[in-house]
file entry_38.txt (compact mmCIF, C-alpha atoms)
# COMPACT_ATOMS: atom_id res chain seq x y z
CA MET A 1 -14.35 -26.06 -23.32
CA SER A 2 -15.41 -24.04 -20.39
CA LYS A 3 -14.43 -20.41 -20.26
CA LEU A 4 -15.75 -18.33 -17.43
CA THR A 5 -17.42 -15.00 -18.25
CA LEU A 6 -17.77 -12.25 -15.68
CA LYS A 7 -19.75 -9.11 -16.47
CA ALA A 8 -21.12 -6.14 -14.60
CA GLU A 9 -24.87 -5.67 -14.83
CA GLY A 10 -25.57 -1.99 -14.30
CA ASP A 11 -23.96 -0.48 -11.21
CA THR A 12 -25.19 -3.08 -8.77
CA HIS A 13 -24.69 -6.67 -9.93
CA ILE A 14 -22.16 -9.09 -11.37
CA VAL A 15 -23.15 -11.95 -13.66
CA VAL A 16 -20.90 -15.00 -14.03
CA THR A 17 -21.44 -17.81 -16.54
CA ARG A 18 -19.62 -21.13 -16.85
CA ARG A 19 -20.32 -24.36 -18.78
CA PHE A 20 -19.88 -27.80 -17.23
CA ALA A 21 -19.69 -31.21 -18.91
CA ALA A 22 -22.10 -32.80 -16.38
CA PRO A 23 -25.93 -32.53 -16.41
CA PRO A 24 -27.78 -29.98 -14.20
CA GLU A 25 -28.65 -32.67 -11.59
CA ALA A 26 -24.95 -33.23 -10.85
CA VAL A 27 -23.98 -29.54 -10.87
CA TYR A 28 -26.90 -28.72 -8.56
CA ARG A 29 -25.89 -31.55 -6.22
CA ALA A 30 -22.30 -30.26 -6.13
CA HIS A 31 -23.69 -26.87 -4.99
CA THR A 32 -25.84 -28.28 -2.18
CA ASP A 33 -24.13 -31.41 -0.80
CA PRO A 34 -21.61 -30.33 1.88
CA LYS A 35 -19.32 -33.31 1.17
CA LEU A 36 -19.01 -32.13 -2.44
CA ILE A 37 -18.91 -28.38 -1.67
CA GLN A 38 -15.87 -28.94 0.56
CA LYS A 39 -13.97 -30.32 -2.42
CA TRP A 40 -14.21 -27.33 -4.72
CA LEU A 41 -15.48 -24.09 -3.09
CA LEU A 42 -12.02 -23.19 -1.82
CA GLY A 43 -10.81 -20.09 -3.68
CA PRO A 44 -7.07 -19.58 -3.99
CA GLU A 45 -4.55 -22.44 -3.80
CA GLY A 46 -3.75 -23.57 -0.27
CA TRP A 47 -7.13 -22.79 1.34
CA THR A 48 -9.37 -25.48 2.83
CA MET A 49 -12.91 -25.50 4.26
CA PRO A 50 -12.82 -27.43 7.56
CA VAL A 51 -16.42 -26.48 8.43
CA CYS A 52 -19.24 -26.84 5.90
CA ILE A 53 -22.74 -26.77 7.36
CA ASN A 54 -25.47 -26.69 4.75
CA GLU A 55 -29.23 -27.06 5.25
CA ALA A 56 -30.32 -27.16 1.63
CA ARG A 57 -34.00 -26.32 2.06
CA PRO A 58 -35.90 -23.02 1.74
CA GLY A 59 -35.20 -21.06 4.93
CA GLY A 60 -32.25 -23.37 5.68
CA LYS A 61 -28.97 -21.88 6.87
CA PHE A 62 -25.40 -22.50 5.82
CA ARG A 63 -22.01 -21.71 7.25
CA TYR A 64 -18.68 -22.16 5.45
CA GLU A 65 -15.37 -21.66 7.27
CA TRP A 66 -12.11 -21.31 5.38
CA THR A 67 -8.54 -21.37 6.57
CA ASN A 68 -5.20 -20.97 4.82
CA GLY A 69 -3.55 -23.20 7.43
CA LYS A 70 -1.32 -20.32 8.55
CA GLY A 71 -3.64 -18.51 10.94
CA GLY A 72 -5.57 -16.75 8.18
CA GLY A 73 -9.25 -17.43 7.74
CA PHE A 74 -12.80 -16.14 7.55
CA HIS A 75 -16.33 -17.49 7.29
CA ILE A 76 -19.57 -16.93 5.44
CA THR A 77 -23.06 -17.39 6.82
CA GLY A 78 -26.19 -17.43 4.70
CA GLU A 79 -29.78 -18.51 4.23
CA TYR A 80 -31.55 -20.21 1.33
CA LEU A 81 -34.54 -18.32 -0.01
CA LYS A 82 -35.47 -20.65 -2.90
CA LEU A 83 -34.31 -24.07 -4.01
CA GLU A 84 -35.69 -25.46 -7.26
CA PRO A 85 -34.01 -28.84 -7.90
CA HIS A 86 -32.09 -28.99 -10.22
CA SER A 87 -32.43 -25.62 -11.88
CA ARG A 88 -32.22 -22.68 -9.48
CA ILE A 89 -30.86 -21.62 -6.08
CA VAL A 90 -31.53 -18.22 -4.50
CA HIS A 91 -29.69 -17.33 -1.30
CA VAL A 92 -28.31 -14.44 0.74
CA GLU A 93 -24.90 -14.51 2.37
CA ARG A 94 -22.47 -12.24 4.15
CA MET A 95 -18.76 -12.60 4.82
CA HIS A 96 -17.40 -12.17 8.34
CA LEU A 97 -14.07 -10.36 7.99
CA PRO A 98 -14.63 -10.51 10.97
CA ASP A 99 -17.34 -7.80 10.84
CA PRO A 100 -20.26 -8.93 8.68
CA THR A 101 -20.28 -7.39 5.19
CA PRO A 102 -23.56 -6.13 3.66
CA GLU A 103 -25.78 -8.94 2.35
CA ASN A 104 -24.86 -10.48 -0.96
CA HIS A 105 -27.98 -11.67 -2.81
CA VAL A 106 -27.11 -14.55 -5.14
CA GLU A 107 -29.19 -16.33 -7.76
CA THR A 108 -27.62 -19.41 -9.40
CA LYS A 109 -29.31 -21.04 -12.39
CA PHE A 110 -28.47 -24.38 -14.02
CA ASP A 111 -29.73 -24.82 -17.59
CA ALA A 112 -29.29 -27.97 -19.63
CA ASP A 113 -26.86 -27.29 -22.47
CA GLY A 114 -26.50 -30.29 -24.76
CA THR A 115 -25.30 -33.08 -22.46
CA GLY A 116 -23.86 -30.51 -20.03
CA THR A 117 -24.94 -27.47 -18.04
CA LEU A 118 -24.79 -23.73 -18.47
CA MET A 119 -24.54 -22.12 -15.04
CA THR A 120 -25.47 -18.45 -14.59
CA MET A 121 -24.75 -16.81 -11.25
CA ARG A 122 -25.99 -13.29 -10.53
CA MET A 123 -24.65 -11.61 -7.40
CA THR A 124 -24.66 -8.21 -5.70
CA LEU A 125 -21.63 -6.04 -6.41
CA PRO A 126 -20.12 -5.37 -2.98
CA ASP A 127 -19.45 -1.75 -1.95
CA ALA A 128 -15.91 -0.28 -2.07
CA GLN A 129 -15.25 -0.96 1.62
CA THR A 130 -16.27 -4.63 1.31
CA ARG A 131 -14.17 -5.05 -1.83
CA ALA A 132 -11.13 -3.66 0.00
CA ALA A 133 -11.69 -6.05 2.93
CA MET A 134 -12.05 -9.01 0.56
CA LEU A 135 -8.92 -7.99 -1.30
CA ALA A 136 -6.98 -7.78 1.97
CA THR A 137 -7.99 -11.38 2.80
CA GLY A 138 -6.95 -12.66 -0.62
CA MET A 139 -3.78 -10.62 -0.88
CA GLU A 140 -2.41 -11.91 2.38
CA ARG A 141 -2.17 -15.23 0.60
CA GLY A 142 -0.60 -13.73 -2.53
CA MET A 143 2.02 -11.90 -0.47
CA GLU A 144 2.99 -15.06 1.38
CA ALA A 145 3.57 -16.75 -1.95
CA SER A 146 5.80 -13.92 -3.10
CA TYR A 147 7.80 -13.98 0.17
CA VAL A 148 8.41 -17.69 -0.34
CA ARG A 149 9.65 -16.99 -3.87
CA LEU A 150 11.87 -14.20 -2.57
CA GLU A 151 13.39 -16.46 0.07
CA GLY A 152 14.20 -18.97 -2.64
CA MET A 153 16.13 -16.32 -4.56
CA ILE A 154 18.28 -15.07 -1.68
CA MET B 1 -24.58 20.38 -16.80
CA GLU B 2 -21.82 19.93 -19.39
CA LEU B 3 -21.64 16.20 -18.68
CA SER B 4 -25.31 15.71 -19.61
CA LYS B 5 -24.87 17.27 -23.08
CA PRO B 6 -23.40 14.24 -24.92
CA PHE B 7 -26.10 11.93 -23.50
CA GLU B 8 -29.81 11.66 -24.19
CA MET B 9 -30.51 12.07 -20.50
CA THR B 10 -31.80 14.81 -18.28
CA GLN B 11 -29.41 16.60 -15.98
CA PRO B 12 -30.95 15.06 -12.81
CA ALA B 13 -30.53 11.58 -14.33
CA ILE B 14 -26.86 12.28 -15.06
CA SER B 15 -26.40 13.61 -11.53
CA GLN B 16 -27.84 10.40 -10.14
CA HIS B 17 -25.44 8.26 -12.18
CA LEU B 18 -22.53 10.43 -11.07
CA ARG B 19 -23.60 10.04 -7.44
CA VAL B 20 -23.52 6.22 -7.79
CA LEU B 21 -20.04 6.40 -9.32
CA GLU B 22 -18.92 8.77 -6.57
CA ASP B 23 -20.30 6.51 -3.82
CA ALA B 24 -18.45 3.62 -5.45
CA GLY B 25 -15.19 5.59 -5.25
CA LEU B 26 -14.79 5.72 -9.04
CA VAL B 27 -15.38 9.46 -9.52
CA ILE B 28 -14.29 12.45 -7.41
CA SER B 29 -16.07 15.79 -7.50
CA ARG B 30 -15.18 19.23 -6.17
CA VAL B 31 -17.11 22.48 -5.86
CA GLU B 32 -16.09 25.45 -8.00
CA GLY B 33 -18.69 28.17 -7.54
CA ALA B 34 -21.87 26.88 -9.15
CA LYS B 35 -19.93 24.14 -10.99
CA ARG B 36 -19.05 20.68 -9.73
CA PRO B 37 -16.20 19.43 -11.90
CA ARG B 38 -15.60 15.68 -11.75
CA ARG B 39 -12.57 13.59 -12.43
CA LEU B 40 -11.99 9.85 -12.53
CA ALA B 41 -10.65 8.42 -9.27
CA LYS B 42 -7.67 6.40 -10.48
CA ALA B 43 -7.15 4.67 -7.13
CA GLY B 44 -10.80 3.62 -7.02
CA ILE B 45 -10.70 2.26 -10.56
CA ASP B 46 -7.46 0.36 -9.88
CA ALA B 47 -8.99 -1.12 -6.71
CA MET B 48 -12.06 -2.23 -8.70
CA ASP B 49 -9.83 -3.83 -11.36
CA GLN B 50 -7.86 -5.62 -8.67
CA TRP B 51 -10.99 -6.90 -6.97
CA ILE B 52 -12.50 -8.17 -10.26
CA ALA B 53 -9.20 -9.92 -11.08
CA MET B 54 -9.16 -11.59 -7.65
CA LEU B 55 -12.79 -12.70 -7.98
CA ARG B 56 -12.19 -14.06 -11.48
CA LYS B 57 -9.12 -16.01 -10.38
CA ALA B 58 -10.86 -17.51 -7.33
CA LEU B 59 -13.92 -18.50 -9.42
CA GLU B 60 -11.80 -20.00 -12.21
CA ARG B 61 -9.89 -22.09 -9.66
CA ASN B 62 -13.16 -23.17 -7.97
CA TYR B 63 -14.86 -24.21 -11.18
CA ASP B 64 -11.80 -26.08 -12.46
CA ARG B 65 -11.96 -28.11 -9.23
CA LEU B 66 -15.71 -28.52 -9.70
CA ASP B 67 -15.03 -30.01 -13.18
CA GLU B 68 -13.00 -32.72 -11.41
CA VAL B 69 -15.70 -33.30 -8.77
CA LEU B 70 -18.32 -33.66 -11.53
CA ALA B 71 -16.10 -36.06 -13.49
CA GLY B 72 -15.93 -38.14 -10.28
CA ILE B 73 -19.73 -38.19 -9.91
CA GLU B 74 -20.17 -39.26 -13.54
CA HIS B 75 -17.51 -41.94 -13.17
CA GLU B 76 -19.21 -43.28 -10.04
CA LYS B 77 -22.53 -43.44 -11.90
CA ARG B 78 -21.11 -45.29 -14.91
CA GLY B 79 -18.68 -47.54 -13.06
CA GLY B 80 -21.26 -48.56 -10.48
CA ARG B 81 -18.61 -48.25 -7.78
CA LYS B 82 -20.32 -46.75 -4.73

call {"tool": "encode", "arguments": {"input": "entry_38.txt", "output": "structure tokens"}}
result
Amino acid sequence: MSKLTLKAEGDTHIVVTRRFAAPPEAVYRAHTDPKLIQKWLLGPEGWTMPVCINEARPGGKFRYEWTNGKGGGFHITGEYLKLEPHSRIVHVERMHLPDPTPENHVETKFDADGTGTLMTMRMTLPDAQTRAAMLATGMERGMEASYVRLEGMI
Amino acid sequence: MELSKPFEMTQPAISQHLRVLEDAGLVISRVEGAKRPRRLAKAGIDAMDQWIAMLRKALERNYDRLDEVLAGIEHEKRGGRK
């Protein structure tokens, strides 16, 4: 039921939409409760988030640390600017790769959609250098997977 | 100058758009006398495609997991098992 859309907005932003079967209260909670965040905000297969600190209040800070269990990892730090339960979250974040990337400004909205939720997330398009650094982090994982496949073939 | 002709935009406006594309690594320009011919930067466009594909894949995986988390919350609410 729930196809993700990802579109560029001008030269500077990316807008992502996704529908969920649960009401906005639940989707909002899953975005702000560290116990729940740790279960899904993990990116590619094989990554985990051993550290999830989240002060879900305006001005509150958060810190997410990811690891691929093979020595690879990075973290994100951020601050909440606005929290409107259960409809809107505005925050800034930067990735540490390990140098901090320019700030990513993110607005996430949760609108009731029948018995479910339409989520709309608007984020800053990172510059070319940041994109390359992000790609390097993700590709490390992809390359490991292909080495494993290769070993299986030999 | 030539690039602004097909668009209903002034030449300075076109130049500004081109500068954004150049800063993003999607367009390359060179100087030829008074002209500044541009060409598409294939490497930059490929890198952008790759990055978008990675982002899309990571988000799809995340939100599929979130579907399961949400199903768990709903189940907890209905089943009364806390």

call {"tool": "atom_distance", "arguments": {"input": "entry_38.txt", "atom1": "atom CA of B:Pro37", "atom2": "atom CA of B:Leu18"}}
result
11.0 Å

call {"tool": "interface_residues", "arguments": {"input": "entry_38.txt", "of": "chain A", "to": "chain B", "cutoff": "7 Å", "atoms": "all atoms listed in the file", "output": "PyMOL selection string"}}
result
chain A and resi 4+20+22+26+40-44+127-128+131+135

call {"tool": "residues_near_point", "arguments": {"input": "entry_38.txt", "point": "(-26.3, -10.8, -6.9)", "cutoff": "10 Å", "atoms": "all atoms listed in the file", "output": "mmCIF file with C-alpha atoms, in the coordinates of the input"}}
result
data_model
loop_
_atom_site.group_PDB
_atom_site.id
_atom_site.type_symbol
_atom_site.label_atom_id
_atom_site.label_comp_id
_atom_site.auth_asym_id
_atom_site.auth_seq_id
_atom_site.Cartn_x
_atom_site.Cartn_y
_atom_site.Cartn_z
ATOM 1 C CA GLU A 9 -24.870 -5.670 -14.830
ATOM 2 C CA THR A 12 -25.190 -3.080 -8.770
ATOM 3 C CA HIS A 13 -24.690 -6.670 -9.930
ATOM 4 C CA ILE A 14 -22.160 -9.090 -11.370
ATOM 5 C CA VAL A 15 -23.150 -11.950 -13.660
ATOM 6 C CA VAL A 16 -20.900 -15.000 -14.030
ATOM 7 C CA VAL A 90 -31.530 -18.220 -4.500
ATOM 8 C CA HIS A 91 -29.690 -17.330 -1.300
ATOM 9 C CA VAL A 92 -28.310 -14.440 0.740
ATOM 10 C CA GLU A 103 -25.780 -8.940 2.350
ATOM 11 C CA ASN A 104 -24.860 -10.480 -0.960
ATOM 12 C CA HIS A 105 -27.980 -11.670 -2.810
ATOM 13 C CA VAL A 106 -27.110 -14.550 -5.140
ATOM 14 C CA GLU A 107 -29.190 -16.330 -7.760
ATOM 15 C CA THR A 108 -27.620 -19.410 -9.400
ATOM 16 C CA MET A 121 -24.750 -16.810 -11.250
ATOM 17 C CA ARG A 122 -25.990 -13.290 -10.530
ATOM 18 C CA MET A 123 -24.650 -11.610 -7.400
ATOM 19 C CA THR A 124 -24.660 -8.210 -5.700
ATOM 20 C CA LEU A 125 -21.630 -6.040 -6.410
ATOM 21 C CA PRO A 126 -20.120 -5.370 -2.980
#

call {"tool": "residues_around", "arguments": {"input": "entry_38.txt", "residues": "A:Thr48", "least_positions_apart": "4", "cutoff": "12 Å", "atoms": "all atoms listed in the file", "output": "ChimeraX atom specification"}}
result
/A:37-44,52,64-70,72-75 /B:62

call {"tool": "closest_residue", "arguments": {"input": "entry_38.txt", "among": "A:Met119, A:Leu6, A:Thr32, A:Asp11", "to": "B:Gln16", "atoms": "only C-alpha atoms"}}
result
A:Asp11

call {"tool": "atom_distance", "arguments": {"input": "entry_38.txt", "atom1": "atom CA of B:Glu8", "atom2": "atom CA of B:Val27"}}
result
20.7 Å

call {"tool": "atom_distance", "arguments": {"input": "entry_38.txt", "atom1": "atom CA of B:Asp49", "atom2": "atom CA of A:Ala8"}}
result
12.0 Å

call {"tool": "closest_residue", "arguments": {"input": "entry_38.txt", "among": "A:His96, A:Lys109, A:His86, A:Lys35", "to": "A:Thr17", "atoms": "all atoms listed in the file"}}
result
A:Lys109

call {"tool": "decode", "arguments": {"input": "entry_38.txt", "residues": "stretch 64-96 of chain A", "atoms": "N, CA and C atoms", "output": "PDB file, in the first residue's frame"}}
result
ATOM      1  N   TYR A  64      22.490   9.801  17.598  1.00  0.00           N
ATOM      2  CA  TYR A  64      22.301   8.424  17.133  1.00  0.00           C
ATOM      3  C   TYR A  64      23.647   7.894  16.668  1.00  0.00           C
ATOM      4  N   GLU A  65      24.035   6.726  17.165  1.00  0.00           N
ATOM      5  CA  GLU A  65      25.286   6.095  16.719  1.00  0.00           C
ATOM      6  C   GLU A  65      24.990   4.769  16.032  1.00  0.00           C
ATOM      7  N   TRP A  66      25.537   4.630  14.845  1.00  0.00           N
ATOM      8  CA  TRP A  66      25.325   3.387  14.077  1.00  0.00           C
ATOM      9  C   TRP A  66      26.631   2.620  13.943  1.00  0.00           C
ATOM     10  N   THR A  67      26.498   1.311  13.840  1.00  0.00           N
ATOM     11  CA  THR A  67      27.657   0.476  13.552  1.00  0.00           C
ATOM     12  C   THR A  67      27.231  -0.661  12.629  1.00  0.00           C
ATOM     13  N   ASN A  68      28.180  -1.103  11.795  1.00  0.00           N
ATOM     14  CA  ASN A  68      27.865  -2.259  10.942  1.00  0.00           C
ATOM     15  C   ASN A  68      28.434  -3.547  11.545  1.00  0.00           C
ATOM     16  N   GLY A  69      28.951  -3.427  12.796  1.00  0.00           N
ATOM     17  CA  GLY A  69      29.447  -4.606  13.500  1.00  0.00           C
ATOM     18  C   GLY A  69      30.782  -5.111  12.973  1.00  0.00           C
ATOM     19  N   LYS A  70      31.358  -4.374  12.004  1.00  0.00           N
ATOM     20  CA  LYS A  70      32.632  -4.798  11.417  1.00  0.00           C
ATOM     21  C   LYS A  70      33.628  -3.644  11.425  1.00  0.00           C
ATOM     22  N   GLY A  71      33.495  -2.785  12.436  1.00  0.00           N
ATOM     23  CA  GLY A  71      34.423  -1.664  12.553  1.00  0.00           C
ATOM     24  C   GLY A  71      33.950  -0.408  11.841  1.00  0.00           C
ATOM     25  N   GLY A  72      32.917  -0.520  11.031  1.00  0.00           N
ATOM     26  CA  GLY A  72      32.390   0.650  10.327  1.00  0.00           C
ATOM     27  C   GLY A  72      31.309   1.312  11.156  1.00  0.00           C
ATOM     28  N   GLY A  73      31.280   2.634  11.130  1.00  0.00           N
ATOM     29  CA  GLY A  73      30.222   3.312  11.869  1.00  0.00           C
ATOM     30  C   GLY A  73      30.323   4.820  11.740  1.00  0.00           C
ATOM     31  N   PHE A  74      29.276   5.495  12.160  1.00  0.00           N
ATOM     32  CA  PHE A  74      29.272   6.963  12.189  1.00  0.00           C
ATOM     33  C   PHE A  74      28.151   7.399  13.114  1.00  0.00           C
ATOM     34  N   HIS A  75      28.086   8.693  13.417  1.00  0.00           N
ATOM     35  CA  HIS A  75      26.972   9.151  14.249  1.00  0.00           C
ATOM     36  C   HIS A  75      26.410  10.477  13.757  1.00  0.00           C
ATOM     37  N   ILE A  76      25.213  10.748  14.225  1.00  0.00           N
ATOM     38  CA  ILE A  76      24.514  11.996  13.896  1.00  0.00           C
ATOM     39  C   ILE A  76      24.209  12.709  15.204  1.00  0.00           C
ATOM     40  N   THR A  77      24.408  14.022  15.231  1.00  0.00           N
ATOM     41  CA  THR A  77      23.929  14.798  16.372  1.00  0.00           C
ATOM     42  C   THR A  77      22.933  15.831  15.837  1.00  0.00           C
ATOM     43  N   GLY A  78      22.003  16.229  16.671  1.00  0.00           N
ATOM     44  CA  GLY A  78      21.007  17.193  16.218  1.00  0.00           C
ATOM     45  C   GLY A  78      20.271  17.855  17.358  1.00  0.00           C
ATOM     46  N   GLU A  79      19.479  18.848  17.012  1.00  0.00           N
ATOM     47  CA  GLU A  79      18.654  19.560  17.988  1.00  0.00           C
ATOM     48  C   GLU A  79      17.240  19.711  17.429  1.00  0.00           C
ATOM     49  N   TYR A  80      16.267  19.612  18.344  1.00  0.00           N
ATOM     50  CA  TYR A  80      14.875  19.848  17.963  1.00  0.00           C
ATOM     51  C   TYR A  80      14.578  21.338  18.014  1.00  0.00           C
ATOM     52  N   LEU A  81      13.957  21.839  16.947  1.00  0.00           N
ATOM     53  CA  LEU A  81      13.557  23.244  16.934  1.00  0.00           C
ATOM     54  C   LEU A  81      12.073  23.359  17.311  1.00  0.00           C
ATOM     55  N   LYS A  82      11.248  22.471  16.745  1.00  0.00           N
ATOM     56  CA  LYS A  82       9.808  22.497  17.038  1.00  0.00           C
ATOM     57  C   LYS A  82       9.288  21.081  17.141  1.00  0.00           C
ATOM     58  N   LEU A  83       8.415  20.863  18.108  1.00  0.00           N
ATOM     59  CA  LEU A  83       7.737  19.569  18.240  1.00  0.00           C
ATOM     60  C   LEU A  83       6.263  19.849  18.460  1.00  0.00           C
ATOM     61  N   GLU A  84       5.434  19.477  17.496  1.00  0.00           N
ATOM     62  CA  GLU A  84       3.993  19.667  17.645  1.00  0.00           C
ATOM     63  C   GLU A  84       3.338  18.294  17.638  1.00  0.00           C
ATOM     64  N   PRO A  85       3.117  17.715  18.868  1.00  0.00           N
ATOM     65  CA  PRO A  85       2.516  16.378  18.915  1.00  0.00           C
ATOM     66  C   PRO A  85       1.117  16.427  18.306  1.00  0.00           C
ATOM     67  N   HIS A  86       0.707  15.565  17.469  1.00  0.00           N
ATOM     68  CA  HIS A  86       1.433  14.469  16.838  1.00  0.00           C
ATOM     69  C   HIS A  86       1.525  14.749  15.360  1.00  0.00           C
ATOM     70  N   SER A  87       1.812  16.034  15.027  1.00  0.00           N
ATOM     71  CA  SER A  87       1.677  16.421  13.620  1.00  0.00           C
ATOM     72  C   SER A  87       2.957  16.924  12.955  1.00  0.00           C
ATOM     73  N   ARG A  88       3.931  17.413  13.733  1.00  0.00           N
ATOM     74  CA  ARG A  88       5.065  18.058  13.061  1.00  0.00           C
ATOM     75  C   ARG A  88       6.312  18.068  13.938  1.00  0.00           C
ATOM     76  N   ILE A  89       7.459  17.766  13.311  1.00  0.00           N
ATOM     77  CA  ILE A  89       8.754  17.822  13.985  1.00  0.00           C
ATOM     78  C   ILE A  89       9.690  18.631  13.103  1.00  0.00           C
ATOM     79  N   VAL A  90      10.363  19.622  13.661  1.00  0.00           N
ATOM     80  CA  VAL A  90      11.382  20.365  12.916  1.00  0.00           C
ATOM     81  C   VAL A  90      12.692  20.216  13.673  1.00  0.00           C
ATOM     82  N   HIS A  91      13.731  19.761  12.985  1.00  0.00           N
ATOM     83  CA  HIS A  91      15.023  19.609  13.657  1.00  0.00           C
ATOM     84  C   HIS A  91      16.175  19.894  12.703  1.00  0.00           C
ATOM     85  N   VAL A  92      17.354  20.133  13.272  1.00  0.00           N
ATOM     86  CA  VAL A  92      18.582  20.205  12.465  1.00  0.00           C
ATOM     87  C   VAL A  92      19.475  19.053  12.895  1.00  0.00           C
ATOM     88  N   GLU A  93      20.262  18.551  11.961  1.00  0.00           N
ATOM     89  CA  GLU A  93      21.183  17.468  12.284  1.00  0.00           C
ATOM     90  C   GLU A  93      22.401  17.576  11.383  1.00  0.00           C
ATOM     91  N   ARG A  94      23.488  16.966  11.814  1.00  0.00           N
ATOM     92  CA  ARG A  94      24.661  16.837  10.958  1.00  0.00           C
ATOM     93  C   ARG A  94      25.256  15.463  11.201  1.00  0.00           C
ATOM     94  N   MET A  95      25.847  14.904  10.135  1.00  0.00           N
ATOM     95  CA  MET A  95      26.502  13.606  10.256  1.00  0.00           C
ATOM     96  C   MET A  95      27.964  13.852  10.604  1.00  0.00           C
ATOM     97  N   HIS A  96      28.549  12.934  11.361  1.00  0.00           N
ATOM     98  CA  HIS A  96      29.970  13.029  11.686  1.00  0.00           C
ATOM     99  C   HIS A  96      30.662  11.880  10.956  1.00  0.00           C
TER     100      HIS A  96
END
